[in-house]
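Colleague: Before I ask anything, let me first share the structure, which is written out below as structure tokens.
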Amino acid sequence: SEFSDANLILQEQLYTNNGILDNAGTPPCKFCHFHNGRIWIGGLEDSTTAWFSQPYVAGEQPRFNEALQLSIGPPVTAFASMDETLLVFGETSIFVIVGDGPPAIGGLDPGFEVATVSTDVGCIDMKSVVELPTGVMFMSRKGLYHINRKLEVVWLGQPVKDTVDEFGGTIRGVTLLKNSPEGIWGMSRTSTSARVVYNYIEDKWTVDTLGSQVTAITSAQYQGSWRLVYATSAATLNFFAQKATPGASDKEPFSPVKLRTPQIKLNTLQGWQA
């Protein structure tokens with residue numbers, strides 16, 4: 001028989017038989033980040049905590065458990081990786097987390113060490129974070145800042161302060177170009193968008209203003225070029241190309257793209273609010 005003792009004993013055993021923490025669903029989150037073999041999630045209902053997964057295993061879904069979380073203190077606003085170090089941002093603070101984390105069976109020792117960076121700035125928007133060879137850049141309440149591998153926090157965005165202030169520090173997205181040593185932040189408000197470019201090799205900034213009839217919702221790298229993405233209706237996204245060269249007046253036309261997704265089932269009212 002298929003379900004005889006002789007056959008059942010040959011089947012795969014329940015994973016918890018070896019003392020491994022059981023799998024649990026995560027609370028709704030606003031952002032996630034993959035670092036050192038684990039998935040970290042933030043922007044939770046309890047905004048002062050960060051959940052992390054079990055170490056990633058190829059071919060298996062990420063596994064979480066209620067015990068696998070850290071209390072950071074202030075509300076978590078963003079994550080970033082810098083070598084083996086995980087950066088956890090608050091709005092006015094930065095923390096570094098190092099270590100391998102707990103084993104699959106859990107335990108009292110979280111396996112991580114948390115330290116505070118000496119600074120009074122943090123990240124106000126996860127969409128502004130970009131990992132550069134020189135460190136990590138992010139948008140703070142004071143402008144675009146950089147943290148290097150010595151954990152020194154510097155205001156590199158001072159040359160573009162006027163543009164950042166004009167758009168209220170609202171970042172639609174940031175892109176690190178594959179074929180050029182540049183990070184590009186997209187900013188947008190009604191009828192006007194801007195491209196703020198930082199060349200981390202030459203340590204130079206450029207700014208381009210792009211006219212538009214609607215507010216951009218994000219930015220992306222598409223076919224080797226930077227794009228701002230606009231939503232002109234509930235079902236249509238438009239990709240607007242970057243200027244051919246900094247300061248050029250000609251811009252490529254809109255390229256309408258329609259996207260269709262499968263049914264998305266949000267889990268209870270909490271899922272709608274996340």
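Identifiers in the structure tokens: chain A, B, ... in order shown; residue index from 1 per chain; ligand index from 1 in order shown.
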Could you go through range 20-236 of chain A and tell me which residues DSSP, when run on the backbone, assigns to alpha helix (DSSP H), listing them as a PyMOL selection string?

Modeller: chain A and resi 161-166

Colleague: Give me the residues near Val57 in chain A as a CSV table (one decimal) with N, CA, C and O atoms, in the first residue's frame, where near means some atom within 10 Å (using only C-alpha atoms) and where sequence neighbours in that chain fewer than 4 positions away do not count.

Modeller:
```
chain,number,residue,atom,x,y,z
A,37,GLY,N,22.9,36.1,2.6
A,37,GLY,CA,22.2,34.8,2.6
A,37,GLY,C,20.8,34.9,3.3
A,37,GLY,O,20.2,33.8,3.5
A,38,ARG,N,20.4,36.0,3.8
A,38,ARG,CA,19.1,36.2,4.5
A,38,ARG,C,18.3,37.3,3.9
A,38,ARG,O,18.9,38.3,3.4
A,61,GLN,N,11.6,27.9,-0.5
A,61,GLN,CA,11.1,29.2,-0.2
A,61,GLN,C,11.8,29.8,1.0
A,61,GLN,O,12.3,29.1,1.9
A,62,PRO,N,11.8,31.1,1.1
A,62,PRO,CA,12.4,31.8,2.3
A,62,PRO,C,11.6,31.3,3.6
A,62,PRO,O,10.4,31.2,3.5
A,63,ARG,N,12.3,31.0,4.7
A,63,ARG,CA,11.6,30.6,5.9
A,63,ARG,C,11.8,31.6,7.0
A,63,ARG,O,13.0,32.0,7.3
```

Colleague: Can you pull out every residue within 9 Å of range 171-185 of chain A, counting only C-alpha atoms, but drop anything in the same chain fewer than 4 positions away, and send it as number ranges by chain?

Modeller: A: 125-132, 139, 164, 167, 194-202, 216-221, 224-226, 228-229

Colleague: Would you list, as JSON, numbers by chain, the residues of range 43-205 of chain A that end up in strand (DSSP E) under DSSP run on this structure's backbone?

Modeller: {"A": [49, 50, 51, 52, 69, 70, 71, 78, 79, 80, 81, 82, 85, 86, 87, 88, 89, 94, 95, 96, 97, 98, 113, 114, 115, 116, 130, 131, 132, 135, 136, 137, 138, 139, 140, 143, 144, 145, 146, 147, 153, 154, 171, 172, 173, 174, 175, 176, 182, 183, 184, 185, 186, 187, 188, 189, 192, 193, 194, 195, 196, 197, 198, 199, 204, 205]}

Colleague: Distance CA of Gly157 in chain A-CA of Leu144 in chain A, one decimal place?

Modeller: 4.6 Å

Colleague: What's the 8 Å shell around Arg141 in chain A, counting only C-alpha atoms, without same-chain residues fewer than 2 positions away, as a PyMOL selection string?

Modeller: chain A and resi 91+121-124+139+143+169
